[in-house]
>>> print(open('data_9.json').read())   # JSON, C-alpha atoms
[["chain", "number", "residue", "atom", "x", "y", "z"],
["A", 18, "MET", "CA", -1.18, 0.97, 48.80],
["A", 19, "ALA", "CA", -3.41, -1.38, 50.76],
["A", 20, "SER", "CA", -7.01, -0.26, 51.04],
["A", 21, "PRO", "CA", -7.50, 1.50, 54.37],
["A", 22, "GLN", "CA", -9.39, -0.18, 57.15],
["A", 23, "PRO", "CA", -12.76, 1.49, 57.69],
["A", 24, "ARG", "CA", -13.45, 2.55, 61.26],
["A", 25, "ILE", "CA", -16.60, 0.93, 62.64],
["A", 26, "GLY", "CA", -17.76, 1.77, 66.15],
["A", 27, "VAL", "CA", -19.56, -0.63, 68.50],
["A", 28, "VAL", "CA", -21.52, 1.01, 71.33],
["A", 29, "SER", "CA", -21.39, -0.64, 74.76],
["A", 30, "TYR", "CA", -24.32, 0.07, 77.07],
["A", 31, "PRO", "CA", -24.56, -1.26, 80.61],
["A", 32, "GLY", "CA", -25.91, -4.75, 79.95],
["A", 33, "SER", "CA", -24.65, -5.09, 76.37],
["A", 34, "GLN", "CA", -23.36, -8.62, 75.86],
["A", 35, "ASP", "CA", -22.39, -9.02, 72.27],
["A", 36, "ASP", "CA", -20.27, -5.89, 71.92],
["A", 37, "ARG", "CA", -17.06, -7.90, 72.16],
["A", 38, "ASP", "CA", -18.21, -10.47, 69.61],
["A", 39, "ALA", "CA", -19.18, -7.62, 67.27],
["A", 40, "LEU", "CA", -15.77, -5.97, 67.72],
["A", 41, "TRP", "CA", -14.05, -9.30, 67.13],
["A", 42, "ALA", "CA", -16.10, -10.13, 64.03],
["A", 43, "LEU", "CA", -15.56, -6.70, 62.47],
["A", 44, "ALA", "CA", -11.83, -6.90, 63.09],
["A", 45, "ALA", "CA", -11.79, -10.41, 61.57],
["A", 46, "LEU", "CA", -13.46, -8.93, 58.49],
["A", 47, "ASP", "CA", -10.71, -6.32, 58.17],
["A", 48, "ALA", "CA", -12.32, -3.30, 59.78],
["A", 49, "GLU", "CA", -10.81, -1.21, 62.54],
["A", 50, "ALA", "CA", -13.32, -1.97, 65.30],
["A", 51, "VAL", "CA", -13.66, 0.95, 67.70],
["A", 52, "PRO", "CA", -15.31, 0.53, 71.12],
["A", 53, "VAL", "CA", -17.71, 3.38, 71.99],
["A", 54, "TRP", "CA", -18.84, 3.86, 75.59],
["A", 55, "HIS", "CA", -22.49, 4.75, 76.21],
["A", 56, "GLU", "CA", -21.55, 7.93, 78.07],
["A", 57, "GLN", "CA", -19.72, 9.40, 75.08],
["A", 58, "THR", "CA", -21.66, 12.44, 73.92],
["A", 59, "ALA", "CA", -19.84, 12.57, 70.59],
["A", 60, "LEU", "CA", -18.77, 9.70, 68.37],
["A", 61, "PRO", "CA", -15.15, 9.44, 67.31],
["A", 62, "ASP", "CA", -14.42, 9.69, 63.58],
["A", 63, "LEU", "CA", -16.31, 6.62, 62.26],
["A", 64, "ASP", "CA", -17.44, 5.21, 58.91],
["A", 65, "ALA", "CA", -20.23, 3.12, 60.47],
["A", 66, "VAL", "CA", -21.73, 2.26, 63.87],
["A", 67, "VAL", "CA", -23.05, -1.01, 65.29],
["A", 68, "LEU", "CA", -25.46, -1.23, 68.23],
["A", 69, "PRO", "CA", -24.87, -4.72, 69.65],
["A", 70, "GLY", "CA", -27.07, -7.33, 71.27],
["A", 71, "GLY", "CA", -27.59, -7.88, 74.95],
["A", 72, "PHE", "CA", -29.86, -6.51, 77.62],
["A", 73, "SER", "CA", -29.10, -2.80, 77.85],
["A", 74, "TYR", "CA", -30.23, -1.42, 81.20],
["A", 75, "GLY", "CA", -31.59, -4.86, 82.09],
["A", 76, "ASP", "CA", -34.35, -4.47, 79.47],
["A", 77, "TYR", "CA", -36.16, -2.49, 82.20],
["A", 78, "LEU", "CA", -39.48, -0.87, 81.25],
["A", 79, "ARG", "CA", -39.24, -2.03, 77.61],
["A", 80, "CYS", "CA", -36.32, -3.44, 75.64],
["A", 81, "GLY", "CA", -34.18, -0.54, 74.44],
["A", 82, "ALA", "CA", -36.39, 2.11, 76.07],
["A", 83, "ILE", "CA", -33.74, 3.38, 78.48],
["A", 84, "ALA", "CA", -30.73, 2.99, 76.15],
["A", 85, "ARG", "CA", -32.53, 5.32, 73.78],
["A", 86, "PHE", "CA", -31.71, 8.17, 76.17],
["A", 87, "SER", "CA", -27.99, 7.39, 76.45],
["A", 88, "PRO", "CA", -25.66, 10.16, 75.31],
["A", 89, "ALA", "CA", -24.12, 7.78, 72.76],
["A", 90, "THR", "CA", -27.56, 6.99, 71.31],
["A", 91, "ALA", "CA", -28.20, 10.70, 70.74],
["A", 92, "ALA", "CA", -24.87, 10.84, 68.89],
["A", 93, "VAL", "CA", -25.87, 7.78, 66.82],
["A", 94, "VAL", "CA", -29.21, 9.41, 65.91],
["A", 95, "GLU", "CA", -27.31, 12.47, 64.71],
["A", 96, "PHE", "CA", -24.84, 10.25, 62.78],
["A", 97, "ALA", "CA", -27.73, 8.44, 61.08],
["A", 98, "GLY", "CA", -29.44, 11.74, 60.31],
["A", 99, "ALA", "CA", -26.32, 12.81, 58.43],
["A", 100, "GLY", "CA", -26.54, 9.62, 56.35],
["A", 101, "GLY", "CA", -24.11, 7.53, 58.44],
["A", 102, "LEU", "CA", -24.38, 3.74, 58.30],
["A", 103, "VAL", "CA", -25.98, 2.25, 61.43],
["A", 104, "LEU", "CA", -26.53, -1.46, 62.10],
["A", 105, "GLY", "CA", -28.57, -2.61, 65.10],
["A", 106, "ILE", "CA", -28.38, -6.26, 66.13],
["A", 107, "CYS", "CA", -31.02, -7.77, 68.44],
["A", 108, "ASN", "CA", -31.08, -5.40, 71.42],
["A", 109, "GLY", "CA", -29.50, -2.83, 69.10],
["A", 110, "PHE", "CA", -32.50, -3.27, 66.77],
["A", 111, "GLN", "CA", -34.81, -2.69, 69.75],
["A", 112, "VAL", "CA", -32.89, 0.50, 70.62],
["A", 113, "LEU", "CA", -33.19, 1.76, 67.01],
["A", 114, "CYS", "CA", -36.96, 1.19, 67.09],
["A", 115, "GLU", "CA", -37.36, 2.94, 70.44],
["A", 116, "ALA", "CA", -35.18, 5.81, 69.21],
["A", 117, "GLY", "CA", -37.42, 6.24, 66.17],
["A", 118, "LEU", "CA", -34.65, 5.46, 63.65],
["A", 119, "LEU", "CA", -36.59, 2.37, 62.56],
["A", 120, "PRO", "CA", -40.36, 1.88, 62.51],
["A", 121, "GLY", "CA", -42.30, -0.57, 64.66],
["A", 122, "VAL", "CA", -41.54, -2.25, 67.94],
["A", 123, "LEU", "CA", -40.27, -5.64, 69.15],
["A", 124, "LEU", "CA", -42.62, -7.53, 71.45],
["A", 125, "ARG", "CA", -42.40, -10.66, 73.60],
["A", 126, "ASN", "CA", -42.16, -13.80, 71.46],
["A", 127, "GLU", "CA", -45.54, -15.32, 70.73],
["A", 128, "SER", "CA", -44.44, -18.58, 72.42],
["A", 129, "LEU", "CA", -43.29, -16.69, 75.55],
["A", 130, "ARG", "CA", -40.13, -18.79, 75.18],
["A", 131, "PHE", "CA", -36.61, -17.53, 74.62],
["A", 132, "VAL", "CA", -35.53, -18.80, 71.20],
["A", 133, "CYS", "CA", -31.89, -19.69, 70.72],
["A", 134, "ARG", "CA", -31.09, -21.54, 67.51],
["A", 135, "ASP", "CA", -29.90, -21.19, 63.93],
["A", 136, "VAL", "CA", -32.66, -19.92, 61.65],
["A", 137, "PRO", "CA", -32.93, -19.67, 57.87],
["A", 138, "LEU", "CA", -33.43, -16.13, 56.61],
["A", 139, "VAL", "CA", -34.57, -15.04, 53.18],
["A", 140, "VAL", "CA", -32.76, -11.99, 51.82],
["A", 141, "GLU", "CA", -35.31, -9.61, 50.31],
["A", 142, "ARG", "CA", -32.84, -6.96, 49.16],
["A", 143, "ASP", "CA", -29.25, -7.06, 47.99],
["A", 144, "ASP", "CA", -28.96, -3.39, 47.05],
["A", 145, "LEU", "CA", -28.23, -2.10, 50.55],
["A", 146, "PRO", "CA", -24.90, -1.34, 52.22],
["A", 147, "PHE", "CA", -25.71, -4.20, 54.60],
["A", 148, "THR", "CA", -26.58, -6.89, 52.05],
["A", 149, "SER", "CA", -24.42, -6.20, 48.99],
["A", 150, "ARG", "CA", -22.63, -9.55, 49.40],
["A", 151, "CYS", "CA", -25.94, -11.43, 49.45],
["A", 152, "ALA", "CA", -28.21, -12.24, 46.51],
["A", 153, "GLN", "CA", -31.89, -11.37, 46.53],
["A", 154, "GLY", "CA", -33.92, -14.48, 47.32],
["A", 155, "GLN", "CA", -30.93, -16.22, 48.87],
["A", 156, "THR", "CA", -31.47, -18.13, 52.13],
["A", 157, "ILE", "CA", -28.80, -17.58, 54.74],
["A", 158, "VAL", "CA", -28.50, -19.21, 58.17],
["A", 159, "ILE", "CA", -27.77, -17.07, 61.22],
["A", 160, "PRO", "CA", -28.55, -17.75, 64.90],
["A", 161, "VAL", "CA", -31.19, -15.90, 66.89],
["A", 162, "LYS", "CA", -31.27, -15.65, 70.69],
["A", 163, "HIS", "CA", -34.04, -13.48, 72.04],
["A", 164, "GLY", "CA", -37.14, -13.41, 74.19],
["A", 165, "ASP", "CA", -38.55, -10.20, 72.70],
["A", 166, "GLY", "CA", -38.09, -10.43, 68.96],
["A", 167, "ARG", "CA", -41.60, -10.34, 67.58],
["A", 168, "TRP", "CA", -41.56, -7.34, 65.27],
["A", 169, "PHE", "CA", -44.91, -5.58, 65.27],
["A", 170, "GLY", "CA", -46.40, -2.66, 63.39],
["A", 171, "PRO", "CA", -49.98, -1.69, 62.62],
["A", 172, "PRO", "CA", -51.32, -2.83, 59.21],
["A", 173, "GLU", "CA", -50.91, 0.59, 57.58],
["A", 174, "LEU", "CA", -47.25, 0.69, 58.65],
["A", 175, "VAL", "CA", -46.67, -2.84, 57.33],
["A", 176, "ARG", "CA", -48.17, -1.86, 53.97],
["A", 177, "GLU", "CA", -45.93, 1.20, 53.85],
["A", 178, "LEU", "CA", -42.82, -0.88, 54.64],
["A", 179, "GLU", "CA", -43.67, -3.45, 51.99],
["A", 180, "ALA", "CA", -44.36, -0.73, 49.40],
["A", 181, "ASN", "CA", -41.03, 0.97, 50.19],
["A", 182, "ARG", "CA", -39.20, -2.37, 50.19],
["A", 183, "GLN", "CA", -37.98, -1.78, 53.74],
["A", 184, "VAL", "CA", -38.25, -5.45, 54.73],
["A", 185, "VAL", "CA", -34.70, -6.73, 54.29],
["A", 186, "LEU", "CA", -34.79, -10.17, 55.96],
["A", 187, "ARG", "CA", -37.63, -12.58, 56.64],
["A", 188, "TYR", "CA", -37.59, -15.77, 58.69],
["A", 189, "GLY", "CA", -37.69, -18.79, 56.43],
["A", 190, "GLU", "CA", -39.58, -20.71, 59.12],
["A", 191, "PRO", "CA", -41.73, -19.64, 62.08],
["A", 192, "CYS", "CA", -39.52, -18.06, 64.74],
["A", 193, "ASN", "CA", -41.22, -15.64, 67.11],
["A", 194, "GLY", "CA", -44.57, -14.68, 65.59],
["A", 195, "SER", "CA", -43.38, -11.44, 63.99],
["A", 196, "VAL", "CA", -45.73, -9.76, 61.52],
["A", 197, "GLY", "CA", -44.94, -10.89, 57.97],
["A", 198, "ASP", "CA", -42.11, -13.06, 59.38],
["A", 199, "ILE", "CA", -40.04, -9.89, 59.50],
["A", 200, "ALA", "CA", -36.53, -10.49, 60.84],
["A", 201, "GLY", "CA", -34.87, -7.26, 59.74],
["A", 202, "ILE", "CA", -35.90, -3.88, 58.34],
["A", 203, "CYS", "CA", -34.21, -0.73, 57.11],
["A", 204, "ASN", "CA", -35.23, 2.91, 57.12],
["A", 205, "GLU", "CA", -36.52, 4.53, 53.95],
["A", 206, "ARG", "CA", -33.14, 6.02, 53.14],
["A", 207, "GLY", "CA", -31.47, 2.63, 53.50],
["A", 208, "ASN", "CA", -28.64, 3.74, 55.81],
["A", 209, "VAL", "CA", -30.08, 2.25, 59.03],
["A", 210, "PHE", "CA", -30.69, -1.49, 59.35],
["A", 211, "GLY", "CA", -31.89, -3.53, 62.31],
["A", 212, "LEU", "CA", -32.20, -7.30, 62.62],
["A", 213, "MET", "CA", -32.93, -9.77, 65.41],
["A", 214, "PRO", "CA", -30.50, -12.53, 64.25],
["A", 215, "HIS", "CA", -26.85, -12.25, 65.24],
["A", 216, "PRO", "CA", -24.49, -12.05, 62.24],
["A", 217, "GLU", "CA", -21.53, -11.51, 64.60],
["A", 218, "HIS", "CA", -22.06, -15.04, 65.95],
["A", 219, "ALA", "CA", -21.79, -16.56, 62.47],
["A", 220, "VAL", "CA", -18.60, -15.35, 60.84],
["A", 221, "ASP", "CA", -16.64, -18.58, 60.90],
["A", 222, "PRO", "CA", -17.66, -22.10, 59.79],
["A", 223, "LEU", "CA", -16.41, -23.36, 63.17],
["A", 224, "LEU", "CA", -19.36, -21.51, 64.74],
["A", 225, "GLY", "CA", -21.83, -23.49, 62.62],
["A", 226, "SER", "CA", -22.31, -20.91, 59.90],
["A", 227, "ALA", "CA", -20.32, -18.14, 58.26],
["A", 228, "ASP", "CA", -23.37, -16.50, 56.70],
["A", 229, "GLY", "CA", -23.29, -13.64, 59.20],
["A", 230, "ALA", "CA", -20.10, -12.52, 57.49],
["A", 231, "LEU", "CA", -22.16, -11.77, 54.37],
["A", 232, "ILE", "CA", -23.97, -9.05, 56.30],
["A", 233, "LEU", "CA", -21.00, -7.72, 58.24],
["A", 234, "ALA", "CA", -18.58, -7.84, 55.29],
["A", 235, "SER", "CA", -21.16, -5.93, 53.23],
["A", 236, "LEU", "CA", -21.11, -3.27, 55.94],
["A", 237, "VAL", "CA", -17.29, -3.27, 56.00],
["A", 238, "ASP", "CA", -17.24, -2.86, 52.17],
["A", 239, "ALA", "CA", -19.67, 0.05, 52.34],
["A", 240, "ALA", "CA", -17.81, 1.68, 55.23],
["A", 241, "ARG", "CA", -14.55, 1.33, 53.31],
["A", 242, "GLU", "CA", -16.06, 3.07, 50.29],
["A", 243, "ARG", "CA", -17.16, 5.90, 52.54],
["A", 244, "ALA", "CA", -13.75, 6.12, 54.14],
["A", 245, "LEU", "CA", -12.13, 6.36, 50.69],
["A", 246, "SER", "CA", -14.59, 8.94, 49.41],
["A", 247, "VAL", "CA", -13.86, 11.21, 52.39],
["A", 248, "VAL", "CA", -10.07, 11.07, 51.95],
["B", 6, "MET", "CA", -49.99, 5.11, 85.96],
["B", 7, "LEU", "CA", -51.26, 1.92, 84.33],
["B", 8, "VAL", "CA", -49.85, 0.62, 81.06],
["B", 9, "ARG", "CA", -51.51, -2.15, 79.12],
["B", 10, "PRO", "CA", -51.05, -3.76, 75.73],
["B", 11, "LYS", "CA", -53.27, -2.02, 73.19],
["B", 12, "GLN", "CA", -56.45, -3.71, 72.06],
["B", 13, "GLY", "CA", -55.82, -5.82, 69.00],
["B", 14, "ILE", "CA", -52.21, -6.58, 69.90],
["B", 15, "LEU", "CA", -51.51, -10.21, 70.63],
["B", 16, "ASP", "CA", -50.69, -10.46, 74.35],
["B", 17, "PRO", "CA", -49.25, -13.94, 74.91],
["B", 18, "GLN", "CA", -48.80, -13.28, 78.64],
["B", 19, "GLY", "CA", -52.48, -12.45, 78.98],
["B", 20, "ALA", "CA", -53.40, -15.56, 77.01],
["B", 21, "ALA", "CA", -51.19, -17.73, 79.26],
["B", 22, "VAL", "CA", -52.74, -16.23, 82.40],
["B", 23, "GLU", "CA", -56.21, -16.82, 81.00],
["B", 24, "THR", "CA", -55.45, -20.47, 80.26],
["B", 25, "ALA", "CA", -53.98, -20.97, 83.76],
["B", 26, "LEU", "CA", -57.08, -19.42, 85.36],
["B", 27, "GLU", "CA", -59.30, -21.69, 83.30],
["B", 28, "HIS", "CA", -57.30, -24.70, 84.51],
["B", 29, "LEU", "CA", -58.09, -23.56, 88.05],
["B", 30, "GLY", "CA", -61.77, -23.60, 87.23],
["B", 31, "PHE", "CA", -62.28, -19.85, 86.85],
["B", 32, "SER", "CA", -64.32, -18.69, 83.93],
["B", 33, "VAL", "CA", -62.55, -15.62, 82.53],
["B", 34, "GLY", "CA", -62.05, -13.91, 79.20],
["B", 35, "GLY", "CA", -59.97, -11.09, 77.77],
["B", 36, "ALA", "CA", -57.01, -11.36, 80.16],
["B", 37, "ARG", "CA", -54.36, -8.70, 79.42],
["B", 38, "VAL", "CA", -51.15, -8.25, 81.37],
["B", 39, "GLY", "CA", -49.76, -4.73, 81.75],
["B", 40, "LYS", "CA", -47.83, -2.90, 84.42],
["B", 41, "VAL", "CA", -48.20, -0.25, 87.09],
["B", 42, "VAL", "CA", -45.71, 2.57, 87.63],
["B", 43, "ASP", "CA", -46.10, 4.44, 90.95],
["B", 44, "LEU", "CA", -44.61, 7.92, 90.96],
["B", 45, "GLU", "CA", -44.36, 10.75, 93.45],
["B", 46, "VAL", "CA", -44.44, 14.15, 91.74],
["B", 47, "ASP", "CA", -44.35, 17.70, 93.09],
["B", 48, "ALA", "CA", -47.48, 19.42, 91.89],
["B", 49, "SER", "CA", -49.78, 22.07, 93.29],
["B", 50, "THR", "CA", -52.92, 20.60, 91.71],
["B", 51, "ALA", "CA", -54.11, 17.24, 90.50],
["B", 52, "ASP", "CA", -54.33, 18.62, 86.96],
["B", 53, "ASP", "CA", -50.71, 19.74, 87.12],
["B", 54, "ALA", "CA", -49.64, 16.28, 88.37],
["B", 55, "ARG", "CA", -51.63, 14.62, 85.58],
["B", 56, "ALA", "CA", -50.07, 16.87, 82.93],
["B", 57, "GLN", "CA", -46.58, 16.04, 84.20],
["B", 58, "VAL", "CA", -47.20, 12.29, 84.21],
["B", 59, "GLU", "CA", -48.81, 12.34, 80.77],
["B", 60, "LYS", "CA", -45.66, 13.98, 79.41],
["B", 61, "MET", "CA", -43.59, 11.22, 81.04],
["B", 62, "CYS", "CA", -45.83, 8.60, 79.46],
["B", 63, "GLU", "CA", -45.45, 10.10, 76.01],
["B", 64, "GLN", "CA", -41.68, 10.38, 76.25],
["B", 65, "LEU", "CA", -40.72, 7.22, 78.09],
["B", 66, "LEU", "CA", -43.19, 5.23, 80.15],
["B", 67, "ALA", "CA", -45.41, 3.92, 77.33],
["B", 68, "ASN", "CA", -44.79, 3.12, 73.68],
["B", 69, "PRO", "CA", -47.90, 4.31, 71.82],
["B", 70, "LEU", "CA", -47.42, 1.69, 69.09],
["B", 71, "MET", "CA", -48.08, -1.16, 71.50],
["B", 72, "GLU", "CA", -49.41, 0.27, 74.74],
["B", 73, "SER", "CA", -52.19, 2.46, 76.07],
["B", 74, "TYR", "CA", -51.97, 4.13, 79.46],
["B", 75, "GLU", "CA", -54.14, 5.63, 82.17],
["B", 76, "VAL", "CA", -53.08, 8.06, 84.86],
["B", 77, "GLU", "CA", -54.57, 7.90, 88.35],
["B", 78, "ILE", "CA", -53.88, 10.65, 90.89],
["B", 79, "HIS", "CA", -53.94, 9.94, 94.64],
["B", 80, "GLY", "CA", -53.30, 12.18, 97.65]]
>>> encode(input="data_9.json", output="structure tokens")
Amino acid sequence: MASPQPRIGVVSYPGSQDDRDALWALAALDAEAVPVWHEQTALPDLDAVVLPGGFSYGDYLRCGAIARFSPATAAVVEFAGAGGLVLGICNGFQVLCEAGLLPGVLLRNESLRFVCRDVPLVVERDDLPFTSRCAQGQTIVIPVKHGDGRWFGPPELVRELEANRQVVLRYGEPCNGSVGDIAGICNERGNVFGLMPHPEHAVDPLLGSADGALILASLVDAARERALSVV
Amino acid sequence: MLVRPKQGILDPQGAAVETALEHLGFSVGGARVGKVVDLEVDASTADDARAQVEKMCEQLLANPLMESYEVEIHG
């Protein structure tokens, strides 16, 4: 019997842009990609959830601040609380920080410029459901495209994150001025991961890099294991 | 209510404004760019209005990691 396709949801908020790319990339990596509308108060039966990039609610007030109060976000918080796998990409990362699922906040880039280019990223951990296909210390190349991607936390929070090994990805070259060159972090439990770069835009060599597939295929693997363990 | 970037947080907008003002010949320092949110609330007293707005600030209008806020009551 062929291994079952894990069901991975992608939440669309008003202003989400990369939801379709995320759905496409997950399907290309052999997951059943399930669109989730922001007004849904309960998630369908899912093995993982992705919050995509874009400009939810026009980035009004602060990036992710309004999306945090969407019915679907409340359902995602509950899903994460039960140990469910949650990946936030770019604006999705901002939503996870505003929702308190991940520590810190994402501020305007130091340069005040929107950055849109491929960046090298150093993988700090390969023991997570999101990085199992990577090797620790490996440099992968994935594009960023953001104006507000400068991760910030007070020094005591940064020390705590470093001590808990919650920094998952660091920029291999200056990108937006984020503290400690942080590009992606996870929660203490390791089931919630947010990153500014866009793995869904780098799943095919034709797009310039297929390194994003390392992240997303790791998630698909982990979601598949969960799907099998439930059956 | 007024929201501004917390002291100690790099505020590139403030820095850009400061540089532009200096180019115009103004001598300024410590420029910080924040925002103003005007709200109309139903309240019997100014204290009641303040308490309501402070709750809003805590839950939505300001992010305490990066911003401080002040509430001003008029009328």
>>> residues_around(input="data_9.json", residues="segment 191-203 of chain A", least_positions_apart="5", cutoff="7 Å", atoms="all atoms listed in the file", output="list of chain:residue names")
A:Leu119, A:Asn126, A:Glu127, A:Ser128, A:Gly166, A:Arg167, A:Trp168, A:Phe169, A:Gln183, A:Val184, A:Val185, A:Leu186, A:Val209, A:Phe210, A:Gly211, A:Leu212, A:Met213
>>> write_last_selection(input="data_9.json", atoms="C-alpha atoms", output="tab-separated table (two decimals), in the coordinates of the input")
chain	number	residue	atom	x	y	z
A	119	LEU	CA	-36.59	2.37	62.56
A	126	ASN	CA	-42.16	-13.80	71.46
A	127	GLU	CA	-45.54	-15.32	70.73
A	128	SER	CA	-44.44	-18.58	72.42
A	166	GLY	CA	-38.09	-10.43	68.96
A	167	ARG	CA	-41.60	-10.34	67.58
A	168	TRP	CA	-41.56	-7.34	65.27
A	169	PHE	CA	-44.91	-5.58	65.27
A	183	GLN	CA	-37.98	-1.78	53.74
A	184	VAL	CA	-38.25	-5.45	54.73
A	185	VAL	CA	-34.70	-6.73	54.29
A	186	LEU	CA	-34.79	-10.17	55.96
A	209	VAL	CA	-30.08	2.25	59.03
A	210	PHE	CA	-30.69	-1.49	59.35
A	211	GLY	CA	-31.89	-3.53	62.31
A	212	LEU	CA	-32.20	-7.30	62.62
A	213	MET	CA	-32.93	-9.77	65.41
>>> closest_atom_pairs(input="data_9.json", of="chain B", to="chain A", cutoff="12 Å", atoms="only C-alpha atoms", output="CSV")
residue,atom,partner,partner_atom,distance
B:Val8,CA,A:Leu78,CA,10.5
B:Pro10,CA,A:Leu124,CA,10.2
B:Lys11,CA,A:Pro171,CA,11.1
B:Gln12,CA,A:Pro171,CA,11.6
B:Gly13,CA,A:Pro171,CA,9.6
B:Ile14,CA,A:Phe169,CA,8.7
B:Leu15,CA,A:Glu127,CA,7.9
B:Asp16,CA,A:Glu127,CA,8.0
B:Pro17,CA,A:Glu127,CA,5.8
B:Gln18,CA,A:Leu129,CA,7.2
B:Gly19,CA,A:Leu129,CA,10.7
B:Ala20,CA,A:Glu127,CA,10.1
B:Ala21,CA,A:Leu129,CA,8.8
B:Val22,CA,A:Leu129,CA,11.7
B:Val38,CA,A:Arg125,CA,11.9
B:Gly39,CA,A:Leu78,CA,11.0
B:Lys40,CA,A:Leu78,CA,9.2
B:Val41,CA,A:Leu78,CA,10.5
B:Val42,CA,A:Leu78,CA,9.6
B:Cys62,CA,A:Leu78,CA,11.5
B:Gln64,CA,A:Ala82,CA,9.8
B:Leu65,CA,A:Ala82,CA,7.0
B:Leu66,CA,A:Leu78,CA,7.2
B:Ala67,CA,A:Leu78,CA,8.6
B:Asn68,CA,A:Glu115,CA,8.1
B:Pro69,CA,A:Val122,CA,9.9
B:Leu70,CA,A:Gly121,CA,7.1
B:Met71,CA,A:Val122,CA,7.5
B:Glu72,CA,A:Val122,CA,10.7
>>> atom_distance(input="data_9.json", atom1="atom CA of Leu60 of chain A", atom2="atom CA of Cys107 of chain A")
21.3 Å
>>> atom_distance(input="data_9.json", atom1="atom CA of Val139 of chain A", atom2="atom CA of Gln155 of chain A")
5.8 Å
>>> residues_around(input="data_9.json", residues="Pro21 of chain A", least_positions_apart="5", cutoff="9 Å", atoms="only C-alpha atoms", output="JSON, numbers by chain")
{"A": [48, 241, 244, 245]}
>>> closest_residue(input="data_9.json", among="A:Gly109, A:Gly81, A:Gly101, A:Pro23", to="Asp36 of chain A", atoms="all atoms listed in the file")
A:Gly109
>>> residues_around(input="data_9.json", residues="Met6 of chain B", least_positions_apart="3", cutoff="7 Å", atoms="all atoms listed in the file", output="PyMOL selection string")
chain B and resi 41-43+74-77
>>> atom_distance(input="data_9.json", atom1="atom CA of Asn108 of chain A", atom2="atom CA of Phe131 of chain A")
13.7 Å
>>> closest_residue(input="data_9.json", among="A:Ile232, A:Asp35, A:His215, A:Val67", to="Arg142 of chain A", atoms="all atoms listed in the file")
A:Ile232
>>> residues_around(input="data_9.json", residues="segment 221-226 of chain A", least_positions_apart="5", cutoff="10 Å", atoms="all atoms listed in the file", output="list in words")
Ala42, Ala45, Asp135, Ile157, Val158, Ile159, Pro160 and Pro216 of chain A
